[in-house]
Amino acid sequence: MRILDAIKTLTEWSRRGRAVFTRNDLRKIFPDDSDAAFRDSLFRLVSEGVMYRVSRGVFVFALDQRGDPDRLERIATALRRGCHSYLSLESALSEYGIISQVPLAGITVMTTGRSRVFSTVFGRIEFTHTNRSVDDILDNTRDVGRPLRLATPGAAARDLRRVGRNTHLIDEEELEAEMRHAG
C-alpha cells in the first residue's frame, strides 16, 4: 500500500468514528498486500507518524482529528478483545464520586484476561484480572454508552477491596448513598 492511499483510507475510517485498530483489523482494511508488503507498510506508517503503535498488534491512527474522549477505552477493548472487561476500581469509584481523587493519568479496568499495565501516549491502562463469571460481570456492570461497561458502585468497591488497593479513599457514606440510588 502507498502511504497516501493508506492515509486516505484511514481518514475515511476516522470520519466514521474508528481510529483504533488491531493488526487483524488493518489486514482486513488492506487485503491486497502480501504479508511482507503489509508488514513493511505498517512499519512505515508507524515510523512516519501516521499510526501510533500502542502495543504489539494494536495501533491508533495518529491523524485522527476527532478528539475522542473514549479513546483509552477503545484501546483497552482492542488490547483485550475476546475478554470481558469493564471500568472498575478507582476509575468507576471516581465517576460515582465515592472517592475524591480523580485518576487523571489513565483508567483502571477489570478483565477476564491477563493483568498488565500499558502506558500509551494517550494515558495509562491498568488491567486487573478477575475470575468473575460473565453473568456476574453483566449483573454488576452498566452499559453507559461507551466502549467499556461501568461497574456498579458496589461491584467497584468489592473489586477494590479484593485486590487490596487504597480502600481508605472510599467515602463510605457516599458509597451507601450510591448503592441505594442504584438499587
# chains A, B, ... in the order shown; residues from 1 in each chain; ligands from 1

call {"tool": "residues_around", "arguments": {"residues": "Phe59 in chain A", "least_positions_apart": "6", "cutoff": "6 Å", "atoms": "only C-alpha atoms", "output": "PyMOL selection string"}}
result
chain A and resi 20-21+52-53

call {"tool": "write_last_selection", "arguments": {"atoms": "N, CA and C atoms", "output": "PDB file, in the first residue's frame"}}
result
ATOM      1  N   VAL A  20      -8.894   3.287  16.269  1.00  0.00           N
ATOM      2  CA  VAL A  20      -8.125   2.264  16.980  1.00  0.00           C
ATOM      3  C   VAL A  20      -8.316   0.945  16.238  1.00  0.00           C
ATOM      4  N   PHE A  21      -7.200   0.296  15.917  1.00  0.00           N
ATOM      5  CA  PHE A  21      -7.242  -0.916  15.109  1.00  0.00           C
ATOM      6  C   PHE A  21      -6.300  -1.977  15.653  1.00  0.00           C
ATOM      7  N   TYR A  52       0.208   5.294  15.585  1.00  0.00           N
ATOM      8  CA  TYR A  52       0.911   5.026  16.830  1.00  0.00           C
ATOM      9  C   TYR A  52       0.808   3.528  17.092  1.00  0.00           C
ATOM     10  N   ARG A  53       1.902   2.921  17.478  1.00  0.00           N
ATOM     11  CA  ARG A  53       1.867   1.534  17.909  1.00  0.00           C
ATOM     12  C   ARG A  53       1.689   1.561  19.417  1.00  0.00           C
TER      13      ARG A  53
END

call {"tool": "select_by_dssp", "arguments": {"residues": "range 38-106 of chain A", "states": "alpha helix (DSSP H)", "output": "list in words"}}
result
Phe38, Arg39, Asp40, Ser41, Leu42, Phe43, Arg44, Leu45, Val46, Ser47, Arg71, Leu72, Glu73, Arg74, Ile75, Ala76, Thr77, Ala78, Leu79, Leu89, Glu90, Ser91, Ala92, Leu93, Ser94, Glu95 and Tyr96 of chain A

call {"tool": "write_last_selection", "arguments": {"atoms": "C-alpha atoms", "output": "PDB file, in the first residue's frame"}}
result
ATOM      1  CA  PHE A  38       1.764  -5.352   4.677  1.00  0.00           C
ATOM      2  CA  ARG A  39       4.410  -5.651   7.445  1.00  0.00           C
ATOM      3  CA  ASP A  40       6.653  -3.151   5.643  1.00  0.00           C
ATOM      4  CA  SER A  41       3.779  -0.730   5.082  1.00  0.00           C
ATOM      5  CA  LEU A  42       2.695  -0.937   8.711  1.00  0.00           C
ATOM      6  CA  PHE A  43       6.280  -0.275   9.806  1.00  0.00           C
ATOM      7  CA  ARG A  44       6.426   2.775   7.513  1.00  0.00           C
ATOM      8  CA  LEU A  45       3.073   4.092   8.784  1.00  0.00           C
ATOM      9  CA  VAL A  46       4.375   3.935  12.352  1.00  0.00           C
ATOM     10  CA  SER A  47       7.849   5.314  11.600  1.00  0.00           C
ATOM     11  CA  ARG A  71     -10.036   6.641  23.097  1.00  0.00           C
ATOM     12  CA  LEU A  72      -8.414   4.922  26.103  1.00  0.00           C
ATOM     13  CA  GLU A  73     -11.460   2.693  26.493  1.00  0.00           C
ATOM     14  CA  ARG A  74     -11.329   1.837  22.789  1.00  0.00           C
ATOM     15  CA  ILE A  75      -7.652   0.950  23.144  1.00  0.00           C
ATOM     16  CA  ALA A  76      -8.428  -1.174  26.218  1.00  0.00           C
ATOM     17  CA  THR A  77     -11.116  -3.014  24.269  1.00  0.00           C
ATOM     18  CA  ALA A  78      -8.669  -3.701  21.430  1.00  0.00           C
ATOM     19  CA  LEU A  79      -5.965  -4.854  23.842  1.00  0.00           C
ATOM     20  CA  LEU A  89     -11.649   0.227  40.866  1.00  0.00           C
ATOM     21  CA  GLU A  90     -10.583   3.888  41.117  1.00  0.00           C
ATOM     22  CA  SER A  91     -11.963   4.855  37.697  1.00  0.00           C
ATOM     23  CA  ALA A  92     -15.516   3.744  38.494  1.00  0.00           C
ATOM     24  CA  LEU A  93     -15.471   4.940  42.109  1.00  0.00           C
ATOM     25  CA  SER A  94     -14.239   8.345  40.998  1.00  0.00           C
ATOM     26  CA  GLU A  95     -17.023   8.577  38.397  1.00  0.00           C
ATOM     27  CA  TYR A  96     -19.589   7.936  41.110  1.00  0.00           C
TER      28      TYR A  96
END

call {"tool": "closest_residue", "arguments": {"among": "A:Arg132, A:Lys8, A:His181, A:Arg23", "to": "Met110 in chain A", "atoms": "only C-alpha atoms"}}
result
A:Arg132

call {"tool": "atom_distance", "arguments": {"atom1": "CA of Glu178 in chain A", "atom2": "CA of Gly113 in chain A"}}
result
28.4 Å

call {"tool": "atom_distance", "arguments": {"atom1": "CA of Gly17 in chain A", "atom2": "CA of Glu48 in chain A"}}
result
22.5 Å

call {"tool": "select_by_dssp", "arguments": {"residues": "range 5-127 of chain A", "states": "strand (DSSP E)", "output": "PyMOL selection string"}}
result
chain A and resi 20-22+51-55+58-61+85-87+106-111+116-120+123-127

call {"tool": "closest_residue", "arguments": {"among": "A:Leu87, A:Leu63, A:Leu169, A:Ile98", "to": "Asp143 in chain A", "atoms": "only C-alpha atoms"}}
result
A:Leu87

call {"tool": "decode", "arguments": {"residues": "range 105-157 of chain A", "atoms": "C-alpha atoms", "output": "PDB file, in the first residue's frame"}}
result
ATOM      1  CA  ALA A 105      -3.326   9.599  34.104  1.00  0.00           C
ATOM      2  CA  GLY A 106      -5.469   6.725  32.873  1.00  0.00           C
ATOM      3  CA  ILE A 107      -8.122   4.116  33.560  1.00  0.00           C
ATOM      4  CA  THR A 108      -8.453   1.051  35.774  1.00  0.00           C
ATOM      5  CA  VAL A 109     -10.088  -1.956  34.135  1.00  0.00           C
ATOM      6  CA  MET A 110     -11.111  -5.367  35.431  1.00  0.00           C
ATOM      7  CA  THR A 111     -10.757  -8.111  32.829  1.00  0.00           C
ATOM      8  CA  THR A 112     -11.145 -11.839  32.392  1.00  0.00           C
ATOM      9  CA  GLY A 113      -7.824 -11.568  30.509  1.00  0.00           C
ATOM     10  CA  ARG A 114      -4.365 -11.121  31.959  1.00  0.00           C
ATOM     11  CA  SER A 115      -3.353  -8.367  34.369  1.00  0.00           C
ATOM     12  CA  ARG A 116      -0.987  -5.835  32.853  1.00  0.00           C
ATOM     13  CA  VAL A 117      -0.296  -2.115  32.713  1.00  0.00           C
ATOM     14  CA  PHE A 118       0.032  -0.339  29.363  1.00  0.00           C
ATOM     15  CA  SER A 119       1.491   3.155  29.199  1.00  0.00           C
ATOM     16  CA  THR A 120       0.453   4.856  25.982  1.00  0.00           C
ATOM     17  CA  VAL A 121       0.766   8.359  24.583  1.00  0.00           C
ATOM     18  CA  PHE A 122      -2.953   8.699  25.408  1.00  0.00           C
ATOM     19  CA  GLY A 123      -2.691   7.592  29.039  1.00  0.00           C
ATOM     20  CA  ARG A 124      -2.238   4.559  31.218  1.00  0.00           C
ATOM     21  CA  ILE A 125      -4.453   1.470  31.114  1.00  0.00           C
ATOM     22  CA  GLU A 126      -4.243  -0.817  34.116  1.00  0.00           C
ATOM     23  CA  PHE A 127      -5.828  -4.235  33.632  1.00  0.00           C
ATOM     24  CA  THR A 128      -6.535  -6.349  36.707  1.00  0.00           C
ATOM     25  CA  HIS A 129      -7.630  -9.957  36.247  1.00  0.00           C
ATOM     26  CA  THR A 130     -10.968 -11.122  37.655  1.00  0.00           C
ATOM     27  CA  ASN A 131     -12.365 -14.628  37.966  1.00  0.00           C
ATOM     28  CA  ARG A 132     -15.951 -13.336  37.959  1.00  0.00           C
ATOM     29  CA  SER A 133     -18.314 -15.203  35.655  1.00  0.00           C
ATOM     30  CA  VAL A 134     -19.765 -13.494  32.605  1.00  0.00           C
ATOM     31  CA  ASP A 135     -23.214 -13.474  34.254  1.00  0.00           C
ATOM     32  CA  ASP A 136     -21.766 -11.883  37.407  1.00  0.00           C
ATOM     33  CA  ILE A 137     -19.981  -9.243  35.325  1.00  0.00           C
ATOM     34  CA  LEU A 138     -23.136  -8.418  33.374  1.00  0.00           C
ATOM     35  CA  ASP A 139     -25.250  -8.315  36.555  1.00  0.00           C
ATOM     36  CA  ASN A 140     -22.808  -5.936  38.280  1.00  0.00           C
ATOM     37  CA  THR A 141     -21.971  -3.532  35.453  1.00  0.00           C
ATOM     38  CA  ARG A 142     -23.885  -0.986  33.404  1.00  0.00           C
ATOM     39  CA  ASP A 143     -23.848  -0.137  29.723  1.00  0.00           C
ATOM     40  CA  VAL A 144     -23.213   3.600  29.791  1.00  0.00           C
ATOM     41  CA  GLY A 145     -22.914   4.099  26.048  1.00  0.00           C
ATOM     42  CA  ARG A 146     -19.123   3.871  25.969  1.00  0.00           C
ATOM     43  CA  PRO A 147     -16.789   1.118  24.792  1.00  0.00           C
ATOM     44  CA  LEU A 148     -16.431  -0.388  28.297  1.00  0.00           C
ATOM     45  CA  ARG A 149     -19.197  -1.227  30.726  1.00  0.00           C
ATOM     46  CA  LEU A 150     -19.039   0.532  34.122  1.00  0.00           C
ATOM     47  CA  ALA A 151     -19.023  -1.401  37.393  1.00  0.00           C
ATOM     48  CA  THR A 152     -21.866  -0.633  39.782  1.00  0.00           C
ATOM     49  CA  PRO A 153     -20.759   1.221  42.920  1.00  0.00           C
ATOM     50  CA  GLY A 154     -20.934  -1.965  44.998  1.00  0.00           C
ATOM     51  CA  ALA A 155     -19.003  -4.032  42.459  1.00  0.00           C
ATOM     52  CA  ALA A 156     -16.286  -1.375  42.099  1.00  0.00           C
ATOM     53  CA  ALA A 157     -15.862  -1.216  45.884  1.00  0.00           C
TER      54      ALA A 157
END
